[in-house]
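**Q** So here's target10.csv, just CSV, C-alpha atoms:
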chain,number,residue,atom,x,y,z
I,23,MET,CA,-0.1,17.3,23.0
I,24,ASN,CA,-3.7,16.0,22.6
I,25,TYR,CA,-4.6,13.4,20.0
I,26,ASP,CA,-8.2,14.8,19.7
I,27,VAL,CA,-7.8,18.6,19.9
I,28,ASP,CA,-4.5,20.4,19.5
I,29,PRO,CA,-4.9,23.9,17.8
I,30,ALA,CA,-1.2,24.6,17.6
I,31,PHE,CA,-0.5,21.2,15.9
I,32,ALA,CA,-3.5,21.8,13.5
I,33,MET,CA,-2.2,25.2,12.4
I,34,ALA,CA,1.3,23.8,11.8
I,35,MET,CA,-0.1,20.9,9.8
I,36,GLU,CA,-2.3,23.1,7.7
I,37,LYS,CA,0.6,25.4,6.9
I,38,LYS,CA,2.8,22.4,5.9
I,39,ILE,CA,0.1,21.0,3.6
I,40,ARG,CA,-0.5,24.4,1.9
I,41,GLU,CA,3.2,24.9,1.3
I,42,ASN,CA,3.8,21.5,-0.4
I,43,ASP,CA,2.2,19.2,-2.9
I,44,TYR,CA,1.2,16.1,-1.1
I,45,ASP,CA,-0.9,13.1,-2.3
I,46,PHE,CA,-2.1,12.1,1.1
I,47,VAL,CA,-1.2,12.1,4.8
I,48,PHE,CA,-0.2,8.9,6.6
I,49,SER,CA,0.2,7.9,10.2
I,50,VAL,CA,0.7,4.8,12.2
I,51,ASN,CA,-2.5,4.6,14.3
I,52,PHE,CA,-5.4,7.0,13.8
I,53,PHE,CA,-5.4,10.5,15.3
I,54,PRO,CA,-8.7,12.5,15.3
I,55,GLN,CA,-6.8,15.9,15.1
I,56,ILE,CA,-5.0,14.8,11.9
I,57,ALA,CA,-8.4,13.5,10.5
I,58,GLU,CA,-10.0,16.9,11.3
I,59,VAL,CA,-7.3,18.8,9.5
I,60,CYS,CA,-7.4,16.5,6.5
I,61,HIS,CA,-11.2,16.7,6.3
I,62,ASP,CA,-11.1,20.5,6.4
I,63,MET,CA,-8.5,20.6,3.6
I,64,ASP,CA,-10.1,17.8,1.6
I,65,MET,CA,-6.9,15.7,1.9
I,66,VAL,CA,-6.9,11.9,2.0
I,67,TYR,CA,-5.8,10.7,5.5
I,68,ALA,CA,-4.5,7.1,5.5
I,69,SER,CA,-3.7,5.4,8.9
I,70,TRP,CA,-2.6,1.9,9.8
I,71,ALA,CA,-3.8,0.8,13.3
I,72,CYS,CA,-1.2,-1.4,15.0
I,73,ASP,CA,-2.8,-1.1,18.5
I,74,SER,CA,-6.1,-2.8,19.5
I,75,PRO,CA,-8.4,-1.4,20.5
I,76,LEU,CA,-7.3,2.0,19.4
I,77,ILE,CA,-9.2,4.3,21.8
I,78,SER,CA,-8.6,7.3,19.6
I,79,MET,CA,-10.7,5.7,16.8
I,80,TYR,CA,-13.8,6.0,19.1
I,81,ASN,CA,-14.2,9.6,17.9
I,82,GLU,CA,-16.6,11.3,15.5
I,83,ALA,CA,-13.7,12.1,13.2
I,84,VAL,CA,-13.5,8.4,12.3
I,85,PHE,CA,-16.6,8.9,10.1
I,86,TYR,CA,-15.0,11.4,7.7
I,87,ASP,CA,-15.1,10.3,4.1
I,88,THR,CA,-11.5,11.6,3.7
I,89,ASN,CA,-10.3,8.8,5.9
I,90,ARG,CA,-8.7,5.6,4.6
I,91,ILE,CA,-8.3,3.4,7.7
I,92,PHE,CA,-6.3,0.1,7.8
I,93,HIS,CA,-6.5,-2.2,10.9
I,94,PHE,CA,-4.6,-5.3,11.7
I,95,ASP,CA,-7.3,-6.8,14.1
I,96,ARG,CA,-10.2,-8.0,12.0
I,97,ALA,CA,-12.5,-8.1,15.0
I,98,ARG,CA,-12.1,-4.4,15.5
I,99,GLU,CA,-12.5,-3.7,11.8
I,100,ILE,CA,-15.8,-5.5,11.8
I,101,GLU,CA,-16.9,-3.6,14.9
I,102,PHE,CA,-16.3,-0.2,13.2
I,103,TYR,CA,-17.7,-1.4,9.9
I,104,SER,CA,-20.9,-2.3,11.7
I,105,MET,CA,-21.1,1.4,12.9
I,106,GLY,CA,-21.3,2.4,9.2
I,107,ILE,CA,-17.7,3.2,8.6
I,108,LYS,CA,-17.0,2.0,5.0
I,109,ASN,CA,-13.5,3.4,4.3
I,110,LEU,CA,-11.9,0.6,6.4
I,111,TRP,CA,-9.8,-2.3,5.4
I,112,HIS,CA,-8.1,-5.2,7.1
I,113,LEU,CA,-4.3,-5.1,6.8
I,114,PRO,CA,-2.2,-7.5,8.9
I,115,LEU,CA,1.1,-6.4,10.4
I,116,ALA,CA,4.5,-7.4,8.8
I,117,SER,CA,8.2,-7.5,9.5
I,118,ASN,CA,11.5,-6.8,7.7
I,119,PRO,CA,13.1,-10.3,7.5
I,120,LYS,CA,16.2,-9.0,5.7
I,121,ARG,CA,17.0,-6.4,8.4
I,122,LEU,CA,16.1,-8.8,11.3
I,123,MET,CA,18.5,-11.5,9.9
I,124,THR,CA,21.3,-9.0,9.4
I,125,CYS,CA,21.0,-7.9,13.1
I,126,ALA,CA,20.8,-11.5,14.3
I,127,ARG,CA,23.9,-12.5,12.4
I,128,ALA,CA,25.9,-9.5,13.5
I,129,LEU,CA,25.3,-10.1,17.2
I,130,SER,CA,25.9,-13.9,16.7
I,131,LYS,CA,29.3,-13.2,15.3
I,132,SER,CA,30.2,-10.9,18.2
I,133,GLY,CA,30.3,-13.8,20.6
I,134,ARG,CA,29.0,-11.5,23.4
I,135,TYR,CA,25.6,-13.1,23.6
I,136,GLU,CA,24.3,-16.6,24.7
I,137,LYS,CA,21.7,-19.0,23.4
I,138,TYR,CA,18.4,-19.5,25.1
I,139,ASP,CA,16.0,-22.5,25.5
I,140,ILE,CA,12.7,-20.7,26.1
I,141,SER,CA,12.4,-17.0,25.9
I,142,PHE,CA,9.8,-14.3,26.2
I,143,VAL,CA,10.3,-10.7,25.2
I,144,GLY,CA,7.6,-8.2,26.3
I,145,ARG,CA,5.9,-6.3,29.0
I,146,MET,CA,4.6,-8.0,32.2
I,147,TYR,CA,2.2,-5.2,33.2
I,148,GLU,CA,3.2,-5.6,36.8
I,149,LYS,CA,2.0,-2.0,37.4
I,150,ASN,CA,-1.6,-1.9,36.2
I,151,SER,CA,-4.6,0.3,37.0
I,152,TYR,CA,-6.6,-2.6,38.5
I,153,ASP,CA,-4.2,-3.1,41.3
I,154,VAL,CA,-4.5,0.6,42.1
I,155,ILE,CA,-8.2,0.7,42.4
I,156,LYS,CA,-9.2,-2.8,43.6
I,157,ASP,CA,-9.0,-2.0,47.3
I,158,LYS,CA,-11.6,0.8,46.7
I,159,LEU,CA,-14.1,-1.5,45.2
I,160,ASP,CA,-17.0,-3.0,47.2
I,161,PRO,CA,-16.6,-6.8,48.0
I,162,TYR,CA,-19.1,-7.9,45.4
I,163,THR,CA,-17.6,-5.9,42.6
I,164,ARG,CA,-14.1,-6.9,43.4
I,165,GLY,CA,-15.0,-10.6,43.7
I,166,TYR,CA,-16.9,-10.4,40.4
I,167,LEU,CA,-13.9,-8.8,38.6
I,168,ASP,CA,-11.3,-11.0,40.3
I,169,SER,CA,-13.2,-14.1,39.1
I,170,ALA,CA,-13.6,-12.7,35.6
I,171,ILE,CA,-9.9,-11.9,35.4
I,172,THR,CA,-8.8,-15.3,36.5
I,173,ALA,CA,-11.2,-17.0,34.0
I,174,GLN,CA,-10.0,-14.7,31.1
I,175,SER,CA,-6.4,-15.3,31.9
I,176,ARG,CA,-6.9,-19.0,31.1
I,177,LEU,CA,-8.8,-18.4,27.8
I,178,TRP,CA,-6.3,-18.3,25.0
I,179,GLY,CA,-7.8,-17.0,21.7
I,180,SER,CA,-11.2,-16.1,23.0
I,181,ASN,CA,-12.6,-13.3,25.1
I,182,ILE,CA,-15.3,-13.0,27.7
I,183,THR,CA,-14.5,-9.5,29.2
I,184,ASP,CA,-17.1,-7.8,26.8
I,185,LEU,CA,-19.8,-10.0,28.4
I,186,ILE,CA,-19.0,-9.1,32.0
I,187,MET,CA,-19.4,-5.4,31.5
I,188,THR,CA,-23.1,-5.4,32.4
I,189,SER,CA,-25.1,-2.3,33.0
I,190,ASP,CA,-25.1,-3.1,36.7
I,191,MET,CA,-21.3,-3.4,36.7
I,192,MET,CA,-21.0,-0.1,34.8
I,193,VAL,CA,-23.0,1.6,37.6
I,194,ARG,CA,-20.8,0.1,40.3
I,195,LEU,CA,-17.6,1.0,38.5
I,196,SER,CA,-18.7,4.6,37.8
I,197,GLU,CA,-18.6,5.2,41.5
I,198,ASN,CA,-14.8,4.5,41.6
I,199,PHE,CA,-13.6,5.2,38.0
I,200,ASP,CA,-13.6,8.7,36.6
I,201,LEU,CA,-14.0,8.6,32.9
I,202,LYS,CA,-12.5,11.7,31.1
I,203,LYS,CA,-13.3,12.2,27.4
I,204,SER,CA,-12.4,14.7,24.8
I,205,PRO,CA,-15.1,16.5,22.7
I,206,GLY,CA,-16.2,14.2,19.9
I,207,SER,CA,-15.2,11.0,21.7
I,208,PHE,CA,-17.8,8.2,21.9
I,209,SER,CA,-15.7,5.8,24.0
I,210,ASN,CA,-17.5,4.6,27.1
I,211,LEU,CA,-16.6,3.3,30.5
I,212,GLY,CA,-16.9,-0.3,29.5
I,213,LEU,CA,-14.4,0.0,26.6
I,214,ILE,CA,-11.9,2.1,28.7
I,215,PHE,CA,-12.1,-0.2,31.7
I,216,ASP,CA,-11.9,-3.4,29.7
I,217,THR,CA,-8.9,-2.1,27.8
I,218,THR,CA,-6.8,-0.1,30.2
I,219,VAL,CA,-7.7,-1.8,33.4
I,220,ILE,CA,-8.9,-5.4,32.9
I,221,GLY,CA,-6.8,-6.2,29.8
I,222,PHE,CA,-3.5,-5.3,31.4
I,223,LYS,CA,-4.3,-7.1,34.6
I,224,VAL,CA,-5.3,-10.3,32.6
I,225,ALA,CA,-2.1,-10.1,30.7
I,226,TYR,CA,-0.1,-9.9,33.9
I,227,GLU,CA,-1.9,-12.8,35.5
I,228,ALA,CA,-1.5,-15.0,32.4
I,229,ARG,CA,2.1,-14.2,31.7
I,230,VAL,CA,3.2,-14.7,35.3
I,231,ARG,CA,1.3,-18.0,35.6
I,232,VAL,CA,2.6,-19.6,32.4
I,233,LEU,CA,6.2,-18.4,32.8
I,234,ASN,CA,6.2,-19.9,36.4
I,235,GLU,CA,4.6,-23.1,35.1
I,236,LEU,CA,7.3,-23.4,32.4
I,237,SER,CA,10.1,-22.6,34.9
I,238,VAL,CA,8.9,-25.4,37.2
I,239,GLU,CA,8.8,-27.9,34.3
I,240,PHE,CA,12.1,-26.6,32.8
I,241,PRO,CA,14.2,-25.2,35.7
I,242,HIS,CA,16.7,-22.5,34.7
I,243,ASP,CA,15.6,-22.8,31.0
I,244,VAL,CA,13.1,-19.9,30.9
I,245,THR,CA,14.4,-16.4,30.2
I,246,LEU,CA,12.5,-13.2,30.2
I,247,PHE,CA,13.4,-9.9,28.6
I,248,THR,CA,11.4,-7.0,30.0
I,249,SER,CA,11.6,-3.5,31.5
I,250,ASP,CA,9.3,-4.6,34.3
I,251,ARG,CA,10.4,-5.9,37.7
I,252,ALA,CA,8.1,-9.0,37.6
I,253,ASP,CA,8.6,-9.8,41.3
I,254,ASP,CA,6.1,-12.7,41.2
I,255,LEU,CA,8.3,-14.9,39.0
I,256,GLN,CA,10.1,-17.9,40.6
I,257,MET,CA,12.8,-19.6,38.6
I,258,VAL,CA,12.5,-17.4,35.5
I,259,ARG,CA,15.7,-15.5,34.6
I,260,ASN,CA,14.8,-11.8,34.2
I,261,MET,CA,17.5,-10.3,31.9
I,262,GLY,CA,15.9,-6.8,31.9
I,263,SER,CA,15.0,-4.9,28.8
I,264,ALA,CA,16.5,-5.7,25.4
I,265,ASP,CA,16.7,-3.2,22.5
I,266,TYR,CA,13.9,-4.2,20.2
I,267,MET,CA,15.7,-3.0,17.0
I,268,THR,CA,19.1,-4.5,17.6
I,269,GLU,CA,19.1,-7.2,20.4
I,270,VAL,CA,15.6,-8.8,20.0
I,271,PRO,CA,16.3,-10.1,16.5
I,272,TYR,CA,19.2,-12.1,17.9
I,273,ILE,CA,17.1,-13.4,20.8
I,274,ASN,CA,14.4,-14.5,18.4
I,275,ASN,CA,16.9,-16.2,16.2
I,276,MET,CA,19.0,-17.9,18.9
I,277,SER,CA,16.2,-19.1,21.2
I,278,ARG,CA,15.1,-22.7,20.8
I,279,ILE,CA,11.5,-21.6,21.6
I,280,ASN,CA,10.2,-18.0,21.4
I,281,LEU,CA,6.9,-17.4,23.2
I,282,ASN,CA,4.2,-15.1,22.1
I,283,LEU,CA,1.6,-14.4,24.8
I,284,THR,CA,-1.0,-12.1,23.3
I,285,ILE,CA,-2.7,-9.4,25.5
I,286,PRO,CA,-6.5,-10.1,25.4
I,287,ASN,CA,-7.2,-6.6,24.0
I,288,ILE,CA,-6.2,-8.0,20.6
I,289,ARG,CA,-9.2,-10.0,19.7
I,290,THR,CA,-8.4,-11.9,16.5
I,291,GLY,CA,-5.3,-10.2,15.0
I,292,ILE,CA,-1.7,-11.5,15.0
I,293,PRO,CA,0.6,-9.4,17.2
I,294,LEU,CA,3.8,-7.9,15.8
I,295,ARG,CA,5.9,-10.2,18.1
I,296,VAL,CA,4.9,-13.2,15.9
I,297,TRP,CA,5.9,-11.6,12.7
I,298,ASP,CA,9.2,-10.5,14.1
I,299,ILE,CA,10.0,-13.9,15.6
I,300,LEU,CA,9.4,-15.6,12.2
I,301,GLY,CA,11.2,-12.8,10.3
I,302,ALA,CA,14.3,-13.4,12.4
I,303,GLY,CA,14.3,-17.1,11.6
I,304,GLY,CA,13.1,-18.1,15.1
I,305,PHE,CA,10.7,-20.9,16.2
I,306,CYS,CA,7.5,-19.4,17.5
I,307,LEU,CA,5.2,-21.0,20.1
I,308,THR,CA,2.2,-18.7,20.4
I,309,ASN,CA,-1.2,-18.7,22.0
I,310,TYR,CA,-4.0,-19.3,19.4
I,311,GLN,CA,-5.4,-16.3,17.6
I,312,GLU,CA,-8.2,-16.7,15.1
I,313,GLU,CA,-6.3,-15.0,12.2
I,314,LEU,CA,-3.3,-17.3,12.5
I,315,GLU,CA,-5.2,-20.0,10.5
I,316,GLU,CA,-5.5,-17.6,7.6
I,317,TYR,CA,-1.7,-17.3,7.1
I,318,PHE,CA,0.0,-20.2,8.9
I,319,THR,CA,-0.4,-23.9,9.7
I,320,ASP,CA,0.1,-25.3,13.2
I,321,GLY,CA,3.1,-27.6,13.4
I,322,LYS,CA,4.3,-26.5,10.0
I,323,ASP,CA,5.2,-22.8,10.1
I,324,LEU,CA,4.9,-22.3,13.9
I,325,ALA,CA,3.1,-23.9,16.8
I,326,TRP,CA,0.1,-22.7,18.8
I,327,PHE,CA,-1.6,-23.7,22.0
I,328,LYS,CA,-5.1,-23.2,23.4
I,329,SER,CA,-4.5,-24.0,27.0
I,330,ASP,CA,-1.7,-24.0,29.6
I,331,GLU,CA,-1.5,-27.8,29.4
I,332,GLU,CA,-1.0,-27.7,25.7
I,333,LEU,CA,1.7,-25.0,26.1
I,334,LEU,CA,3.6,-27.2,28.5
I,335,ASP,CA,3.2,-30.3,26.3
I,336,LYS,CA,4.4,-28.6,23.1
I,337,ALA,CA,7.3,-26.9,24.9
I,338,LYS,CA,8.5,-30.2,26.0
I,339,TYR,CA,7.9,-31.8,22.7
I,340,TYR,CA,9.8,-29.2,20.6
I,341,LEU,CA,12.7,-29.0,23.1
I,342,ASP,CA,13.1,-32.8,22.7
I,343,HIS,CA,12.7,-32.8,18.9
I,344,GLU,CA,15.4,-30.4,17.7
I,345,SER,CA,15.4,-31.3,14.0
I,346,GLU,CA,11.6,-30.9,13.7
I,347,ARG,CA,11.7,-27.6,15.5
I,348,GLU,CA,14.4,-26.2,13.2
I,349,LYS,CA,12.5,-27.3,10.1
I,350,ILE,CA,9.4,-25.5,11.4
I,351,ALA,CA,11.5,-22.3,12.0
I,352,ILE,CA,12.8,-22.4,8.4
I,353,ARG,CA,9.3,-23.0,7.0
I,354,GLY,CA,7.9,-20.2,9.2
I,355,ARG,CA,10.4,-17.7,7.7
I,356,GLU,CA,9.6,-18.9,4.2
I,357,ALA,CA,5.9,-18.5,4.8
I,358,LEU,CA,6.4,-15.1,6.2
I,359,THR,CA,8.5,-14.1,3.2
I,360,GLU,CA,5.7,-15.3,0.9
I,361,LEU,CA,3.2,-13.2,2.8
I,362,GLY,CA,5.3,-10.1,2.3
I,363,ASP,CA,7.2,-7.5,4.2
I,364,TYR,CA,6.5,-3.8,4.9
I,365,ARG,CA,7.0,-2.9,1.2
I,366,ASP,CA,4.3,-5.4,0.2
I,367,ARG,CA,1.9,-3.9,2.9
I,368,MET,CA,2.6,-0.4,1.6
I,369,SER,CA,1.8,-1.7,-2.0
I,370,GLU,CA,-1.5,-3.1,-0.7
I,371,MET,CA,-2.3,0.2,0.9
I,372,LEU,CA,-1.4,2.2,-2.1
I,373,THR,CA,-3.6,0.0,-4.3
I,374,VAL,CA,-6.5,0.8,-2.1
I,375,LEU,CA,-5.7,4.5,-2.1
Could you take the file, read its structure, and then write that structure out as structure tokens?
**A**
Amino acid sequence: MNYDVDPAFAMAMEKKIRENDYDFVFSVNFFPQIAEVCHDMDMVYASWACDSPLISMYNEAVFYDTNRIFHFDRAREIEFYSMGIKNLWHLPLASNPKRLMTCARALSKSGRYEKYDISFVGRMYEKNSYDVIKDKLDPYTRGYLDSAITAQSRLWGSNITDLIMTSDMMVRLSENFDLKKSPGSFSNLGLIFDTTVIGFKVAYEARVRVLNELSVEFPHDVTLFTSDRADDLQMVRNMGSADYMTEVPYINNMSRINLNLTIPNIRTGIPLRVWDILGAGGFCLTNYQEELEEYFTDGKDLAWFKSDEELLDKAKYYLDHESEREKIAIRGREALTELGDYRDRMSEMLTVL
């Protein structure tokens, strides 16, 4: 019930470990309570962070020598490495191309689904903490943050929100933002506010803006799949939520252009959405992320943009150049297959362990 301290969970886990012969404990994302139990029992604890930043990592338990932590976002890995944490490795995310293609083909044969020109699958973050507290802020603080949010929402692949969390701004925010931390946590107001408040608001502003811009340029050709209401969208078709395991592979495969719009909380890493689009054989048009250049080539395996203008230009270009777009989608899936699936990631992890 509590990621940091949960005595009942700890007792059950200790009992399980004593009753069986395990080599190590593994979890997706890092949990301080699991790290505590493993440290007390001298058991290796391996975790693979797929969220960024992972607030639960900002805990004293992250320093235990029994930890083996893998993180998909190199910027965050470097941040923790600079704190003195050495049992830390960069491990990008992955997909399961075989399963994704099987799902896509099954739905394609059913005849119950349509094809799409430009699609985006993901949260819109219409309900975010910033909109809840903004009216309580003094005019200077709100104006300062509003301007920073607008600026950040137009910066694809770079981040300025760390820079705006000055000591003066922390004092102002502390008057309206109650920070609750568990024992052992060393997260601070700047990190929490940047991640859970600013980050989600920036994502909302950016996603609404570019989807509206695309729908003006390509009327009735932009389709959104989300569980959010997204009332600020204009000519975008909101199809509601789609099942990520069964329906999304088909959407990724049958959309002429699949958008990835990365939340700014992810600094340099490649989001899961990119891996799953390519794994399903889809064409991916994504905002620039630094780590993309380590694995893919722009215009060969996928396409990326660094501004709203470049997004609109490339969307038009690839809608008009069907053959070139289809070749890129094929090469993208081939590149992803060479980079490896989940089994390959597990092999990398086991090699380290």
**Q** Here is a test: counting all atoms listed in the file, which residue of I:Asn51, I:Asn198, I:Ser249, I:Asn181 is nearest to Lys149 in chain I?
**A** I:Ser249
**Q** Of the residues I:Ser369, I:Asp342, I:Tyr86, I:Glu136, which is the one nearest to Met261 in chain I, using all atoms listed in the file?
**A** I:Glu136
**Q** Is it possible to get the residues within 12 Å of (4.3, -10.7, 42.3) (coordinates as in the file, counting only C-alpha atoms) written as a list in words?
**A**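 Answer for this query, in the requested form: Met146, Tyr147, Glu148, Lys149, Asp153, Tyr226, Glu227, Arg229, Val230, Arg231, Asn234, Asp250, Arg251, Ala252, Asp253, Asp254, Leu255 and Gln256 of chain I.
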**Q** Do you know which residues are at most 12 Å from Met23 in chain I counting all atoms listed in the file, after dropping those on the same chain fewer than 3 positions away, and could you put them as a compact mmCIF listing (two decimals) with C-alpha atoms, keeping the file's coordinate frame?
**A**
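Done, and the output landed in part39.txt:
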# COMPACT_ATOMS: atom_id res chain seq x y z
CA ASP I 26 -8.20 14.80 19.70
CA VAL I 27 -7.80 18.60 19.90
CA ASP I 28 -4.50 20.40 19.50
CA PRO I 29 -4.90 23.90 17.80
CA ALA I 30 -1.20 24.60 17.60
CA PHE I 31 -0.50 21.20 15.90
CA ALA I 32 -3.50 21.80 13.50
CA PHE I 53 -5.40 10.50 15.30
CA GLN I 55 -6.80 15.90 15.10
**Q** Compare I:Met33, I:Ile77, I:Ile171, I:Ala116 by their minimum atom-to-atom distance to Asp298 in chain I, counting all atoms listed in the file, and give me the closest one.
**A** I:Ala116
**Q** Listing only residues of range 285-364 of chain I within 9 Å of range 201-223 of chain I, what is the closest atom pair and its distance in Å (to one decimal) for each, using only C-alpha atoms, sorted by chain and residue number ascending, as CSV?
**A**
residue,atom,partner,partner_atom,distance
I:Ile285,CA,I:Gly221,CA,6.7
I:Pro286,CA,I:Gly221,CA,5.9
I:Asn287,CA,I:Gly221,CA,5.8
**Q** CA of Asn260 in chain I to CA of Leu115 in chain I: how many Å, to one decimal?
**A**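 So the answer is 28.0 Å.
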**Q** With only C-alpha atoms as the atoms that count, which of I:Arg353, I:Arg90, I:His242, I:Arg96 lies nearest to Leu300 in chain I?
**A**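 Checking each candidate against Leu300 in chain I, we get I:Arg353 as the closest.
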**Q** Determine the nearest neighbour of Trp70 in chain I from the options I:Leu110, I:Ala351, I:Ile186, I:Ile100, counting all atoms listed in the file.
**A**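 Looking only at the distances to Trp70 in chain I, the closest residue turns out to be I:Leu110.
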**Q** Within 8 Å of (-13.4, 11.9, 13.9), only C-alpha atoms: residues as a list in words?
**A**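 Residues satisfying the cut-off, written out: Pro54, Gln55, Ala57, Glu58, Met79, Tyr80, Asn81, Glu82, Ala83, Val84, Phe85, Tyr86 and Gly206 of chain I.
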**Q** So which one's closest to Thr284 in chain I, I:Tyr364, I:Trp178, I:Phe305, I:Phe327? Using all atoms listed in the file, please.
**A** I:Trp178
**Q** Output as JSON lines one row per residue of range 283-348 of chain I within 12 Å of range 271-278 of chain I: the closest atom pair and its distance in Å to one decimal place, counting only C-alpha atoms, sorted by chain and residue number ascending.
**A**
{"residue": "I:Arg295", "atom": "CA", "partner": "I:Asn274", "partner_atom": "CA", "distance": 9.5}
{"residue": "I:Val296", "atom": "CA", "partner": "I:Asn274", "partner_atom": "CA", "distance": 9.9}
{"residue": "I:Trp297", "atom": "CA", "partner": "I:Asn274", "partner_atom": "CA", "distance": 10.6}
{"residue": "I:Asp298", "atom": "CA", "partner": "I:Pro271", "partner_atom": "CA", "distance": 7.5}
{"residue": "I:Ile299", "atom": "CA", "partner": "I:Asn274", "partner_atom": "CA", "distance": 5.2}
{"residue": "I:Leu300", "atom": "CA", "partner": "I:Asn274", "partner_atom": "CA", "distance": 8.0}
{"residue": "I:Gly301", "atom": "CA", "partner": "I:Pro271", "partner_atom": "CA", "distance": 8.5}
{"residue": "I:Ala302", "atom": "CA", "partner": "I:Asn275", "partner_atom": "CA", "distance": 5.4}
{"residue": "I:Gly303", "atom": "CA", "partner": "I:Asn275", "partner_atom": "CA", "distance": 5.4}
{"residue": "I:Gly304", "atom": "CA", "partner": "I:Asn275", "partner_atom": "CA", "distance": 4.4}
{"residue": "I:Phe305", "atom": "CA", "partner": "I:Arg278", "partner_atom": "CA", "distance": 6.6}
{"residue": "I:Cys306", "atom": "CA", "partner": "I:Asn274", "partner_atom": "CA", "distance": 8.5}
{"residue": "I:Leu307", "atom": "CA", "partner": "I:Arg278", "partner_atom": "CA", "distance": 10.1}
{"residue": "I:Ala337", "atom": "CA", "partner": "I:Arg278", "partner_atom": "CA", "distance": 9.8}
{"residue": "I:Lys338", "atom": "CA", "partner": "I:Arg278", "partner_atom": "CA", "distance": 11.3}
{"residue": "I:Tyr339", "atom": "CA", "partner": "I:Arg278", "partner_atom": "CA", "distance": 11.8}
{"residue": "I:Tyr340", "atom": "CA", "partner": "I:Arg278", "partner_atom": "CA", "distance": 8.4}
{"residue": "I:Leu341", "atom": "CA", "partner": "I:Arg278", "partner_atom": "CA", "distance": 7.1}
{"residue": "I:Asp342", "atom": "CA", "partner": "I:Arg278", "partner_atom": "CA", "distance": 10.5}
{"residue": "I:His343", "atom": "CA", "partner": "I:Arg278", "partner_atom": "CA", "distance": 10.6}
{"residue": "I:Glu344", "atom": "CA", "partner": "I:Arg278", "partner_atom": "CA", "distance": 8.3}
{"residue": "I:Ser345", "atom": "CA", "partner": "I:Arg278", "partner_atom": "CA", "distance": 11.0}
{"residue": "I:Glu346", "atom": "CA", "partner": "I:Arg278", "partner_atom": "CA", "distance": 11.4}
{"residue": "I:Arg347", "atom": "CA", "partner": "I:Arg278", "partner_atom": "CA", "distance": 8.0}
{"residue": "I:Glu348", "atom": "CA", "partner": "I:Arg278", "partner_atom": "CA", "distance": 8.4}
**Q** Any idea what the distance is between CA of Asp323 in chain I and CA of Ile352 in chain I?
**A**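 Going from CA of Asp323 in chain I over to CA of Ile352 in chain I, I get 7.8 Å.
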